[in-house]
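K.L.:
Structure incoming, see below.
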There are 2 protein chains.
Amino acid sequence: MLDDRAAAHDGAERLPAALHRRPTMADVATRAGVSRTLVSLIFSNKPGASDETRDRVLQAADDLGYRLDRAARMLARGRSRTLGVLIDVHQTFQADLIGTVYAEAEAAGYEVLLSASAPTRDEHKAIEALLSHRCEGLILLGPLSEVAYLRTLADRAVVTVVGRALPHTAVDTVRTADAKGIRQSVDHLVELGHREIVHVDGGADPGSPERRRAYLAAMRRHDLSDHIRVIPGQHTEDAGIAAANTLLAEDRLPTAVLAGNDRCAIGLMDVFTRAHVDVPGDISIVGYDDSHLAQLSRIDLTTVRQDTEGLARHAVQFAIGRLENDDLDPQDFVIDPHLVVRGTTGPARS
Amino acid sequence: MLDDRAAAHDGAERLPAALHRRPTMADVATRAGVSRTLVSLIFSNKPGASDETRDRVLQAADDLGYRLDRAARMLARGRSRTLGVLIDVHQTFQADLIGTVYAEAEAAGYEVLLSASAPTRDEHKAIEALLSHRCEGLILLGPLSEVAYLRTLADRAVVTVVGRALPHTAVDTVRTADAKGIRQSVDHLVELGHREIVHVDGGADPGSPERRRAYLAAMRRHDLSDHIRVIPGQHTEDAGIAAANTLLAEDRLPTAVLAGNDRCAIGLMDVFTRAHVDVPGDISIVGYDDSHLAQLSRIDLTTVRQDTEGLARHAVQFAIGRLENDDLDPQDFVIDPHLVVRGTTGPARS
DNA sequence: TTGCTGAACTGAAGCGCTTCACTAACGCGC
DNA sequence: GCGCGTTAGTGAAGCGCTTCAGTTCAGCAA
């Protein structure tokens, strides 16, 4: 009978790949000469099988190319132990988080499902897909949806939002103390003698309102209310370019610009460099995120580093924590950022 | 005697979100006064229910906040109608593809599952996860795995690889005619009078070997064998920076550089610009990918545009095609790229 | 001997869905 | 009246797994 199986395997499994009945636990059990139950135990790493049997079963599974069927497991368990992650694949900052999310979830025995929002696929749809896959926890990276909608999600899953504050909701939030990051930046610039510090903001992008408020507060704290100036922008290179062009068209440049994020800062720098405005000689620039580009030796951007690993780790831990312990209260966890001084800031020109 | 917590609870779905039994088809059926079977039919958009009943059932589902359980459906159907996509979230080029993948798959009635590879999570693992979720089709974006492994995958699912040629395997491949793109670039530079054209290659990154070969061939075709020079690199900004520094350290610059991709080109440009080497006055630069950054008005990079939409669309269509029609032969589909001439190329300096 | 324990293992129910085989009711041609 | 086709609907089996509630048996104390 081994022969039968082997022959069927060999002959039939060539081309029409997908439609072949894949081996099930029952097949493994038969081959190993044990019950399905025992195979199940073994694949769940539970006690109750002798080492010898365990090896035999694993060997049989391997021979057959057996793979556990998550759908069936999920159904049978009633629990999916799955975290769904909403991500905007074009935001490199979010991409930085997901490596840690995977690692952390796996360590806790949870699966991770990714769902991307994109121009052709709105956030709503991406989130519904996760729910449909029975994700018990939702980790939403920089979600743009209305608060009301996010609130309703909390009825269907444990929700953790990264990078956005959501007061008065049943969701956990994990974010950077943007206010502190901005304050550090302003302090740094002021120490270097800057007074005319312009902020190019990020419009409605995640984190932007907080950063804008922090800029206003920090300027006031330094008695620089008269020099406050916010240029409306976005978290994109284009916004930085537009802002730089606006500034260049004027009589006199400010001595420093606080960009909404690194991408915006890079747009600014590009325009200035090409216009032979020296950075930081003529103008200092500070970014936000410490993205990969900022670290490049020739860009060498002074920027605010968010603790991506910490954000991701805590997001996962909060989600799992609330799944395993129902009566935890939702938290708003704030991680301090850290100003990374590089080459784009220097003494104010006199 | 009700405290706050109990009060919150009695709104039924407040705090202990995840553990609530979610409504099933049976609940919907009961509420609508029909059989489970009929509800199932309705949710699959199959005929057999009167419009009136259909409305009533949908209303009941809505009232209960019912959501279909994909795991159960998958199990029952035996087919998942799901495509698994392997993506490296840090490659923006891949991110560009996934919007189209979602749209195209959805139009054909397929689900999409994303699995990311990351420094902490190797490709292998990412692919196994997809298989475990019973993906029938695997769309691998720029996979780095060994051919032998990819070959074995073809036994377990319909495999489509994007951006890499895999001759003699049962997998579909969809890729850009890199040779053509490079040839166009070289032709363009030669027309502008360039002869000393250096290529900074992409090492083992996807597409790189083809591009390197194409560069060699194109140079020979123009009788420029003597000027052939390949600087080993990668598809990163750092590689461009390193290459630029190498060149600057020499007596005499070439008149043009063909970068392995846009990121590399941007690294090159950054160094040159800061060294007051004028682009394109002193040196012309060509990239590859037409990434977002290339299009920025101030970067304005001459580059080769890959048809991301076409790549993604065909990848999905091949996968689905082979799923629905078992005896289709695997294809190697090659899409022509398109040189986008922008501001970083000009006449060779004399 | 009996009774008990723990380790190793099994049988069967059931997770939420789809689908096959079937029924009831109705209209229609003759 | 009959047969027949259609539409609207139902019941039950079963997808691959987990898990509850056992069963079997070796070892051991009394």
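Naming works like this for the structure tokens: A, B, ... for the chains as they're shown, residue 1 at the start of each chain, ligands 1 onward in shown order.
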Please give chain A as an mmCIF file with C-alpha atoms, in the first residue's frame, after it has been superposed on chain B by least squares over all Cα atoms paired in order.
P.N.:
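Resulting contents of part.cif:
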data_model
loop_
_atom_site.group_PDB
_atom_site.id
_atom_site.type_symbol
_atom_site.label_atom_id
_atom_site.label_comp_id
_atom_site.auth_asym_id
_atom_site.auth_seq_id
_atom_site.Cartn_x
_atom_site.Cartn_y
_atom_site.Cartn_z
ATOM 1 C CA MET A 1 -35.505 37.288 23.358
ATOM 2 C CA LEU A 2 -34.334 40.184 21.345
ATOM 3 C CA ASP A 3 -33.942 41.914 24.626
ATOM 4 C CA ASP A 4 -31.778 39.174 25.978
ATOM 5 C CA ARG A 5 -29.475 39.374 23.125
ATOM 6 C CA ALA A 6 -29.305 43.104 23.142
ATOM 7 C CA ALA A 7 -28.657 43.202 26.841
ATOM 8 C CA ALA A 8 -25.917 40.632 26.657
ATOM 9 C CA HIS A 9 -24.438 42.573 23.834
ATOM 10 C CA ASP A 10 -24.486 45.829 25.629
ATOM 11 C CA GLY A 11 -23.320 44.755 28.999
ATOM 12 C CA ALA A 12 -20.708 42.261 28.077
ATOM 13 C CA GLU A 13 -19.030 43.700 25.048
ATOM 14 C CA ARG A 14 -17.266 46.569 26.604
ATOM 15 C CA LEU A 15 -13.720 46.062 27.623
ATOM 16 C CA PRO A 16 -12.536 42.516 27.139
ATOM 17 C CA ALA A 17 -12.930 42.881 23.457
ATOM 18 C CA ALA A 18 -11.228 40.014 21.757
ATOM 19 C CA LEU A 19 -12.588 37.133 23.701
ATOM 20 C CA HIS A 20 -16.210 37.729 22.929
ATOM 21 C CA ARG A 21 -17.883 35.125 20.883
ATOM 22 C CA ARG A 22 -18.327 36.817 17.624
ATOM 23 C CA PRO A 23 -21.636 36.360 15.883
ATOM 24 C CA THR A 24 -21.848 33.479 13.454
ATOM 25 C CA MET A 25 -24.042 32.748 10.516
ATOM 26 C CA ALA A 26 -26.300 30.815 12.816
ATOM 27 C CA ASP A 27 -26.875 33.941 14.844
ATOM 28 C CA VAL A 28 -27.699 35.888 11.749
ATOM 29 C CA ALA A 29 -30.008 33.119 10.572
ATOM 30 C CA THR A 30 -31.848 33.030 13.879
ATOM 31 C CA ARG A 31 -32.263 36.727 13.944
ATOM 32 C CA ALA A 32 -33.530 36.843 10.402
ATOM 33 C CA GLY A 33 -35.684 33.775 10.912
ATOM 34 C CA VAL A 34 -34.130 31.719 8.123
ATOM 35 C CA SER A 35 -31.776 28.781 7.852
ATOM 36 C CA ARG A 36 -28.013 28.986 7.997
ATOM 37 C CA THR A 37 -27.894 27.671 4.501
ATOM 38 C CA LEU A 38 -29.773 30.609 3.161
ATOM 39 C CA VAL A 39 -27.555 33.070 4.934
ATOM 40 C CA SER A 40 -24.592 31.341 3.397
ATOM 41 C CA LEU A 41 -26.098 31.617 -0.062
ATOM 42 C CA ILE A 42 -26.703 35.271 0.412
ATOM 43 C CA PHE A 43 -23.196 35.972 1.588
ATOM 44 C CA SER A 44 -21.839 34.180 -1.435
ATOM 45 C CA ASN A 45 -24.007 36.216 -3.766
ATOM 46 C CA LYS A 46 -25.676 33.148 -5.086
ATOM 47 C CA PRO A 47 -29.223 33.007 -6.366
ATOM 48 C CA GLY A 48 -31.917 31.293 -4.379
ATOM 49 C CA ALA A 49 -33.128 33.945 -2.003
ATOM 50 C CA SER A 50 -35.847 36.468 -2.627
ATOM 51 C CA ASP A 51 -34.829 40.092 -2.594
ATOM 52 C CA GLU A 52 -36.930 40.686 0.431
ATOM 53 C CA THR A 53 -35.295 37.915 2.452
ATOM 54 C CA ARG A 54 -31.913 38.978 1.228
ATOM 55 C CA ASP A 55 -32.412 42.439 2.607
ATOM 56 C CA ARG A 56 -33.709 41.123 5.868
ATOM 57 C CA VAL A 57 -30.710 38.864 6.303
ATOM 58 C CA LEU A 58 -28.218 41.561 5.461
ATOM 59 C CA GLN A 59 -29.929 43.852 7.882
ATOM 60 C CA ALA A 60 -29.731 41.235 10.613
ATOM 61 C CA ALA A 61 -26.060 40.693 9.888
ATOM 62 C CA ASP A 62 -25.450 44.375 10.108
ATOM 63 C CA ASP A 63 -27.301 44.668 13.385
ATOM 64 C CA LEU A 64 -25.160 41.985 14.903
ATOM 65 C CA GLY A 65 -21.938 43.310 13.471
ATOM 66 C CA TYR A 66 -21.515 39.981 11.754
ATOM 67 C CA ARG A 67 -18.375 39.306 9.778
ATOM 68 C CA LEU A 68 -17.802 36.291 7.666
ATOM 69 C CA ASP A 69 -15.145 33.959 8.993
ATOM 70 C CA ARG A 70 -12.658 33.347 6.228
ATOM 71 C CA ALA A 71 -11.032 30.457 8.002
ATOM 72 C CA ALA A 72 -14.274 28.575 8.200
ATOM 73 C CA ARG A 73 -15.182 29.377 4.647
ATOM 74 C CA MET A 74 -11.830 28.251 3.437
ATOM 75 C CA LEU A 75 -12.126 25.014 5.317
ATOM 76 C CA ALA A 76 -15.591 24.286 4.089
ATOM 77 C CA ARG A 77 -14.909 25.196 0.516
ATOM 78 C CA GLY A 78 -11.731 23.242 0.323
ATOM 79 C CA ARG A 79 -10.542 26.121 -1.773
ATOM 80 C CA SER A 80 -9.160 29.293 -0.365
ATOM 81 C CA ARG A 81 -9.287 31.512 -3.417
ATOM 82 C CA THR A 82 -6.340 33.267 -1.911
ATOM 83 C CA LEU A 83 -3.169 34.570 -3.492
ATOM 84 C CA GLY A 84 -0.119 34.947 -1.322
ATOM 85 C CA VAL A 85 2.292 37.725 -2.161
ATOM 86 C CA LEU A 86 5.912 37.733 -1.098
ATOM 87 C CA ILE A 87 7.233 41.228 -0.766
ATOM 88 C CA ASP A 88 10.354 42.910 0.457
ATOM 89 C CA VAL A 89 8.876 45.995 2.062
ATOM 90 C CA HIS A 90 12.059 47.942 1.639
ATOM 91 C CA GLN A 91 11.960 47.755 -2.122
ATOM 92 C CA THR A 92 9.820 50.653 -3.171
ATOM 93 C CA PHE A 93 9.531 49.178 -6.609
ATOM 94 C CA GLN A 94 7.692 46.208 -5.144
ATOM 95 C CA ALA A 95 5.508 48.451 -3.062
ATOM 96 C CA ASP A 96 4.371 50.061 -6.291
ATOM 97 C CA LEU A 97 3.090 46.720 -7.521
ATOM 98 C CA ILE A 98 0.900 45.736 -4.676
ATOM 99 C CA GLY A 99 -1.866 48.257 -5.160
ATOM 100 C CA THR A 100 -2.564 46.744 -8.540
ATOM 101 C CA VAL A 101 -2.276 43.225 -7.205
ATOM 102 C CA TYR A 102 -5.013 43.882 -4.688
ATOM 103 C CA ALA A 103 -7.286 45.495 -7.222
ATOM 104 C CA GLU A 104 -6.833 42.816 -9.822
ATOM 105 C CA ALA A 105 -7.261 39.922 -7.405
ATOM 106 C CA GLU A 106 -10.331 41.396 -5.886
ATOM 107 C CA ALA A 107 -11.904 41.886 -9.258
ATOM 108 C CA ALA A 108 -11.480 38.174 -9.853
ATOM 109 C CA GLY A 109 -12.885 37.264 -6.462
ATOM 110 C CA TYR A 110 -9.616 36.331 -4.845
ATOM 111 C CA GLU A 111 -8.212 37.286 -1.482
ATOM 112 C CA VAL A 112 -4.671 38.539 -1.075
ATOM 113 C CA LEU A 113 -2.324 37.738 1.751
ATOM 114 C CA LEU A 114 0.948 39.611 2.127
ATOM 115 C CA SER A 115 4.048 38.155 3.656
ATOM 116 C CA ALA A 116 7.153 40.247 3.977
ATOM 117 C CA SER A 117 10.734 39.209 3.944
ATOM 118 C CA ALA A 118 12.987 41.312 6.110
ATOM 119 C CA PRO A 119 16.477 41.154 7.552
ATOM 120 C CA THR A 120 15.107 39.197 10.504
ATOM 121 C CA ARG A 121 12.823 37.032 8.431
ATOM 122 C CA ASP A 122 14.117 35.188 5.463
ATOM 123 C CA GLU A 123 12.239 34.569 2.299
ATOM 124 C CA HIS A 124 11.853 30.933 3.035
ATOM 125 C CA LYS A 125 9.923 31.597 6.186
ATOM 126 C CA ALA A 126 7.799 34.234 4.536
ATOM 127 C CA ILE A 127 6.818 31.803 1.803
ATOM 128 C CA GLU A 128 6.082 28.957 4.192
ATOM 129 C CA ALA A 129 3.727 31.245 6.064
ATOM 130 C CA LEU A 130 1.762 31.840 2.890
ATOM 131 C CA LEU A 131 1.555 28.145 2.187
ATOM 132 C CA SER A 132 0.401 27.478 5.692
ATOM 133 C CA HIS A 133 -2.465 29.841 5.087
ATOM 134 C CA ARG A 134 -3.465 27.703 2.152
ATOM 135 C CA CYS A 135 -2.670 30.197 -0.522
ATOM 136 C CA GLU A 136 -3.401 28.566 -3.833
ATOM 137 C CA GLY A 137 -1.328 30.981 -5.791
ATOM 138 C CA LEU A 138 1.998 32.449 -4.848
ATOM 139 C CA ILE A 139 3.138 35.714 -6.372
ATOM 140 C CA LEU A 140 6.771 36.198 -5.571
ATOM 141 C CA LEU A 141 8.136 39.677 -6.108
ATOM 142 C CA GLY A 142 11.815 39.619 -6.941
ATOM 143 C CA PRO A 143 12.518 36.428 -4.993
ATOM 144 C CA LEU A 144 16.135 35.720 -4.150
ATOM 145 C CA SER A 145 15.741 32.031 -3.323
ATOM 146 C CA GLU A 146 17.546 29.303 -5.195
ATOM 147 C CA VAL A 147 15.869 27.943 -8.277
ATOM 148 C CA ALA A 148 15.649 24.482 -6.774
ATOM 149 C CA TYR A 149 13.537 25.709 -3.916
ATOM 150 C CA LEU A 150 11.234 27.707 -6.154
ATOM 151 C CA ARG A 151 10.830 24.651 -8.285
ATOM 152 C CA THR A 152 9.606 22.593 -5.341
ATOM 153 C CA LEU A 153 7.066 25.268 -4.530
ATOM 154 C CA ALA A 154 5.403 24.632 -7.833
ATOM 155 C CA ASP A 155 4.197 21.333 -6.412
ATOM 156 C CA ARG A 156 2.288 23.021 -3.649
ATOM 157 C CA ALA A 157 0.790 26.018 -5.353
ATOM 158 C CA VAL A 158 0.617 27.900 -8.592
ATOM 159 C CA VAL A 159 3.701 30.046 -8.576
ATOM 160 C CA THR A 160 4.253 33.294 -10.420
ATOM 161 C CA VAL A 161 7.544 35.104 -10.183
ATOM 162 C CA VAL A 162 7.847 38.780 -10.944
ATOM 163 C CA GLY A 163 11.069 40.343 -12.105
ATOM 164 C CA ARG A 164 13.172 37.292 -12.560
ATOM 165 C CA ALA A 165 13.477 34.756 -15.327
ATOM 166 C CA LEU A 166 13.252 31.112 -14.350
ATOM 167 C CA PRO A 167 13.714 28.969 -17.393
ATOM 168 C CA HIS A 168 12.695 25.320 -17.335
ATOM 169 C CA THR A 169 10.410 25.476 -14.347
ATOM 170 C CA ALA A 170 6.689 25.051 -13.907
ATOM 171 C CA VAL A 171 6.328 28.637 -12.761
ATOM 172 C CA ASP A 172 4.989 31.617 -14.612
ATOM 173 C CA THR A 173 7.309 34.565 -14.848
ATOM 174 C CA VAL A 174 6.426 38.159 -15.543
ATOM 175 C CA ARG A 175 9.208 40.615 -16.075
ATOM 176 C CA THR A 176 10.453 43.618 -17.892
ATOM 177 C CA ALA A 177 12.494 43.293 -21.050
ATOM 178 C CA ASP A 178 15.517 44.611 -19.218
ATOM 179 C CA ALA A 179 17.659 44.092 -22.248
ATOM 180 C CA LYS A 180 15.514 46.467 -24.225
ATOM 181 C CA GLY A 181 15.516 49.088 -21.517
ATOM 182 C CA ILE A 182 19.253 49.026 -21.297
ATOM 183 C CA ARG A 183 19.641 49.039 -25.040
ATOM 184 C CA GLN A 184 17.428 52.103 -25.293
ATOM 185 C CA SER A 185 19.510 53.820 -22.646
ATOM 186 C CA VAL A 186 22.751 53.070 -24.413
ATOM 187 C CA ASP A 187 21.298 54.109 -27.760
ATOM 188 C CA HIS A 188 20.155 57.357 -26.214
ATOM 189 C CA LEU A 189 23.575 58.071 -24.778
ATOM 190 C CA VAL A 190 25.356 57.169 -27.977
ATOM 191 C CA GLU A 191 23.087 59.471 -29.910
ATOM 192 C CA LEU A 192 24.148 62.233 -27.565
ATOM 193 C CA GLY A 193 27.726 61.515 -28.506
ATOM 194 C CA HIS A 194 28.787 59.443 -25.521
ATOM 195 C CA ARG A 195 31.341 56.692 -25.915
ATOM 196 C CA GLU A 196 32.785 56.245 -22.459
ATOM 197 C CA ILE A 197 29.726 54.747 -20.819
ATOM 198 C CA VAL A 198 30.276 52.958 -17.533
ATOM 199 C CA HIS A 199 27.787 50.545 -16.013
ATOM 200 C CA VAL A 200 27.403 50.236 -12.249
ATOM 201 C CA ASP A 201 25.681 46.898 -11.923
ATOM 202 C CA GLY A 202 23.374 45.453 -9.280
ATOM 203 C CA GLY A 203 25.364 42.391 -8.282
ATOM 204 C CA ALA A 204 22.956 39.543 -7.657
ATOM 205 C CA ASP A 205 19.888 41.714 -7.204
ATOM 206 C CA PRO A 206 16.856 40.826 -9.307
ATOM 207 C CA GLY A 207 17.207 41.854 -12.916
ATOM 208 C CA SER A 208 20.823 42.746 -12.569
ATOM 209 C CA PRO A 209 22.426 39.953 -14.578
ATOM 210 C CA GLU A 210 20.118 40.652 -17.507
ATOM 211 C CA ARG A 211 20.896 44.343 -17.385
ATOM 212 C CA ARG A 212 24.593 43.692 -17.249
ATOM 213 C CA ARG A 213 24.466 41.390 -20.244
ATOM 214 C CA ALA A 214 22.372 43.875 -22.144
ATOM 215 C CA TYR A 215 24.892 46.608 -21.459
ATOM 216 C CA LEU A 216 27.693 44.477 -22.817
ATOM 217 C CA ALA A 217 25.706 43.602 -25.908
ATOM 218 C CA ALA A 218 24.628 47.164 -26.585
ATOM 219 C CA MET A 219 28.138 48.502 -26.262
ATOM 220 C CA ARG A 220 29.405 45.923 -28.696
ATOM 221 C CA ARG A 221 26.659 46.693 -31.118
ATOM 222 C CA HIS A 222 27.863 50.271 -31.151
ATOM 223 C CA ASP A 223 31.454 49.174 -31.619
ATOM 224 C CA LEU A 224 32.309 50.432 -28.188
ATOM 225 C CA SER A 225 33.802 47.218 -26.842
ATOM 226 C CA ASP A 226 36.929 49.098 -25.875
ATOM 227 C CA HIS A 227 34.963 51.373 -23.606
ATOM 228 C CA ILE A 228 33.098 48.650 -21.748
ATOM 229 C CA ARG A 229 33.484 48.967 -18.039
ATOM 230 C CA VAL A 230 31.343 47.428 -15.299
ATOM 231 C CA ILE A 231 31.715 48.598 -11.728
ATOM 232 C CA PRO A 232 30.303 46.002 -9.339
ATOM 233 C CA GLY A 233 27.509 47.412 -7.248
ATOM 234 C CA GLN A 234 24.088 46.778 -5.776
ATOM 235 C CA HIS A 235 20.637 48.239 -6.035
ATOM 236 C CA THR A 236 21.262 50.728 -3.233
ATOM 237 C CA GLU A 237 22.252 54.342 -2.813
ATOM 238 C CA ASP A 238 25.424 53.272 -1.046
ATOM 239 C CA ALA A 239 26.572 51.358 -4.068
ATOM 240 C CA GLY A 240 26.101 54.448 -6.188
ATOM 241 C CA ILE A 241 28.066 56.528 -3.727
ATOM 242 C CA ALA A 242 30.884 54.046 -3.676
ATOM 243 C CA ALA A 243 30.996 53.885 -7.455
ATOM 244 C CA ALA A 244 31.023 57.669 -7.763
ATOM 245 C CA ASN A 245 33.881 57.911 -5.328
ATOM 246 C CA THR A 246 35.786 55.310 -7.282
ATOM 247 C CA LEU A 247 35.311 57.317 -10.446
ATOM 248 C CA LEU A 248 36.227 60.626 -8.856
ATOM 249 C CA ALA A 249 39.467 59.179 -7.583
ATOM 250 C CA GLU A 250 40.585 58.509 -11.120
ATOM 251 C CA ASP A 251 42.296 60.813 -13.624
ATOM 252 C CA ARG A 252 39.423 61.226 -15.904
ATOM 253 C CA LEU A 253 35.688 60.721 -15.603
ATOM 254 C CA PRO A 254 33.689 58.780 -18.135
ATOM 255 C CA THR A 255 31.079 60.902 -19.891
ATOM 256 C CA ALA A 256 28.122 58.780 -18.839
ATOM 257 C CA VAL A 257 27.083 56.262 -16.207
ATOM 258 C CA LEU A 258 24.370 53.676 -16.529
ATOM 259 C CA ALA A 259 23.234 52.878 -13.002
ATOM 260 C CA GLY A 260 21.806 49.506 -11.970
ATOM 261 C CA ASN A 261 18.662 51.193 -10.700
ATOM 262 C CA ASP A 262 17.407 54.568 -9.536
ATOM 263 C CA ARG A 263 18.646 54.226 -6.002
ATOM 264 C CA CYS A 264 22.130 53.636 -7.283
ATOM 265 C CA ALA A 265 21.784 56.561 -9.671
ATOM 266 C CA ILE A 266 20.762 58.831 -6.844
ATOM 267 C CA GLY A 267 23.811 57.842 -4.861
ATOM 268 C CA LEU A 268 25.958 58.702 -7.855
ATOM 269 C CA MET A 269 24.289 62.028 -8.428
ATOM 270 C CA ASP A 270 24.567 63.044 -4.848
ATOM 271 C CA VAL A 271 28.310 62.583 -4.827
ATOM 272 C CA PHE A 272 28.802 64.284 -8.157
ATOM 273 C CA THR A 273 26.649 67.254 -7.325
ATOM 274 C CA ARG A 274 28.502 67.878 -4.106
ATOM 275 C CA ALA A 275 31.835 67.498 -5.865
ATOM 276 C CA HIS A 276 30.681 70.194 -8.278
ATOM 277 C CA VAL A 277 30.704 67.787 -11.144
ATOM 278 C CA ASP A 278 27.824 69.019 -13.225
ATOM 279 C CA VAL A 279 25.106 66.600 -14.246
ATOM 280 C CA PRO A 280 24.586 66.403 -17.165
ATOM 281 C CA GLY A 281 27.194 68.988 -18.198
ATOM 282 C CA ASP A 282 30.192 66.964 -17.095
ATOM 283 C CA ILE A 283 28.600 63.576 -16.837
ATOM 284 C CA SER A 284 25.278 62.041 -17.827
ATOM 285 C CA ILE A 285 23.444 59.568 -15.605
ATOM 286 C CA VAL A 286 20.713 57.069 -16.404
ATOM 287 C CA GLY A 287 18.767 55.163 -13.789
ATOM 288 C CA TYR A 288 16.343 52.253 -13.882
ATOM 289 C CA ASP A 289 12.831 51.872 -12.407
ATOM 290 C CA ASP A 290 11.436 55.384 -12.645
ATOM 291 C CA SER A 291 10.862 55.363 -8.921
ATOM 292 C CA HIS A 292 9.125 58.165 -7.146
ATOM 293 C CA LEU A 293 12.352 59.995 -6.448
ATOM 294 C CA ALA A 294 13.385 59.977 -10.083
ATOM 295 C CA GLN A 295 10.345 62.001 -10.972
ATOM 296 C CA LEU A 296 11.028 64.797 -8.529
ATOM 297 C CA SER A 297 11.537 67.951 -10.490
ATOM 298 C CA ARG A 298 14.930 68.659 -8.990
ATOM 299 C CA ILE A 299 16.288 65.177 -9.319
ATOM 300 C CA ASP A 300 14.760 64.778 -12.718
ATOM 301 C CA LEU A 301 16.487 61.557 -13.536
ATOM 302 C CA THR A 302 16.562 60.032 -16.988
ATOM 303 C CA THR A 303 15.562 56.473 -16.304
ATOM 304 C CA VAL A 304 13.837 53.377 -17.599
ATOM 305 C CA ARG A 305 10.230 53.032 -16.656
ATOM 306 C CA GLN A 306 8.942 49.595 -15.912
ATOM 307 C CA ASP A 307 5.259 49.056 -16.415
ATOM 308 C CA THR A 308 4.437 48.278 -12.790
ATOM 309 C CA GLU A 309 0.760 48.079 -13.414
ATOM 310 C CA GLY A 310 1.192 45.697 -16.309
ATOM 311 C CA LEU A 311 3.574 43.505 -14.360
ATOM 312 C CA ALA A 312 1.219 43.239 -11.417
ATOM 313 C CA ARG A 313 -1.844 42.728 -13.533
ATOM 314 C CA HIS A 314 -0.357 39.952 -15.554
ATOM 315 C CA ALA A 315 1.119 38.256 -12.533
ATOM 316 C CA VAL A 316 -2.302 38.032 -10.952
ATOM 317 C CA GLN A 317 -3.975 36.976 -14.149
ATOM 318 C CA PHE A 318 -1.492 34.204 -14.792
ATOM 319 C CA ALA A 319 -1.860 32.879 -11.294
ATOM 320 C CA ILE A 320 -5.624 32.894 -11.420
ATOM 321 C CA GLY A 321 -5.652 31.599 -14.957
ATOM 322 C CA ARG A 322 -3.700 28.560 -13.984
ATOM 323 C CA LEU A 323 -5.807 28.001 -10.923
ATOM 324 C CA GLU A 324 -8.993 27.976 -12.899
ATOM 325 C CA ASN A 325 -7.687 26.163 -15.895
ATOM 326 C CA ASP A 326 -5.349 23.460 -14.897
ATOM 327 C CA ASP A 327 -3.757 22.691 -18.160
ATOM 328 C CA LEU A 328 -2.427 26.091 -19.039
ATOM 329 C CA ASP A 329 1.256 26.013 -19.688
ATOM 330 C CA PRO A 330 3.601 28.183 -17.679
ATOM 331 C CA GLN A 331 4.574 31.349 -19.455
ATOM 332 C CA ASP A 332 7.434 33.755 -19.453
ATOM 333 C CA PHE A 333 5.765 37.074 -20.056
ATOM 334 C CA VAL A 334 7.977 39.990 -20.910
ATOM 335 C CA ILE A 335 6.834 43.590 -20.925
ATOM 336 C CA ASP A 336 8.659 46.306 -22.788
ATOM 337 C CA PRO A 337 10.016 49.130 -20.704
ATOM 338 C CA HIS A 338 10.194 52.664 -21.806
ATOM 339 C CA LEU A 339 13.046 55.145 -21.564
ATOM 340 C CA VAL A 340 11.995 58.354 -19.849
ATOM 341 C CA VAL A 341 14.354 61.103 -20.892
ATOM 342 C CA ARG A 342 14.693 63.780 -18.269
ATOM 343 C CA GLY A 343 17.355 66.185 -17.192
ATOM 344 C CA THR A 344 20.305 64.028 -16.205
ATOM 345 C CA THR A 345 21.390 63.196 -19.704
ATOM 346 C CA GLY A 346 22.833 65.603 -22.216
ATOM 347 C CA PRO A 347 25.433 65.850 -24.957
ATOM 348 C CA ALA A 348 28.794 64.320 -24.133
ATOM 349 C CA ARG A 349 31.352 66.861 -23.013
ATOM 350 C CA SER A 350 33.990 67.290 -25.653
#
K.L.:
Kindly provide the residues of chain C that approach chain A to within 12 Å, each paired with its closest atom pair and their distance in Å to one decimal, based on only C-alpha atoms (C1' of nucleotides), listed by chain and increasing number, as a Markdown table.
P.N.:
| residue | atom | partner | partner_atom | distance |
| --- | --- | --- | --- | --- |
| C:DG6 | C1' | A:Gly48 | CA | 10.9 |
| C:DA7 | C1' | A:Gly48 | CA | 7.2 |
| C:DA8 | C1' | A:Ala49 | CA | 6.1 |
| C:DC9 | C1' | A:Leu38 | CA | 7.0 |
| C:DT10 | C1' | A:Ser35 | CA | 6.4 |
| C:DG11 | C1' | A:Thr37 | CA | 9.1 |
| C:DA12 | C1' | A:Thr37 | CA | 10.8 |
| C:DA13 | C1' | A:Ala76 | CA | 11.1 |
| C:DG14 | C1' | A:Ala76 | CA | 7.8 |
| C:DC15 | C1' | A:Ala76 | CA | 4.5 |
| C:DG16 | C1' | A:Leu75 | CA | 7.3 |
| C:DC17 | C1' | A:Leu75 | CA | 9.9 |
K.L.:
Could you turn the residues from that selection into a file that holds C-alpha atoms (C1' of nucleotides), as a JSON list (two decimals), in the first residue's frame?
P.N.:
[["chain", "number", "residue", "atom", "x", "y", "z"],
["C", 6, "DG", "C1'", -0.07, 8.27, 35.13],
["C", 7, "DA", "C1'", 1.47, 7.95, 30.43],
["C", 8, "DA", "C1'", 0.24, 7.00, 25.83],
["C", 9, "DC", "C1'", -3.12, 6.94, 22.90],
["C", 10, "DT", "C1'", -8.05, 6.91, 20.61],
["C", 11, "DG", "C1'", -13.15, 8.01, 19.13],
["C", 12, "DA", "C1'", -16.25, 11.13, 18.08],
["C", 13, "DA", "C1'", -18.30, 15.61, 18.20],
["C", 14, "DG", "C1'", -18.23, 19.86, 16.32],
["C", 15, "DC", "C1'", -16.11, 24.57, 14.44],
["C", 16, "DG", "C1'", -18.97, 27.60, 10.14],
["C", 17, "DC", "C1'", -19.41, 26.95, 5.88]]
K.L.:
Any idea what the distance is between atom C1' of DG9 of chain D and atom C1' of DA24 of chain C?
P.N.:
8.4 Å
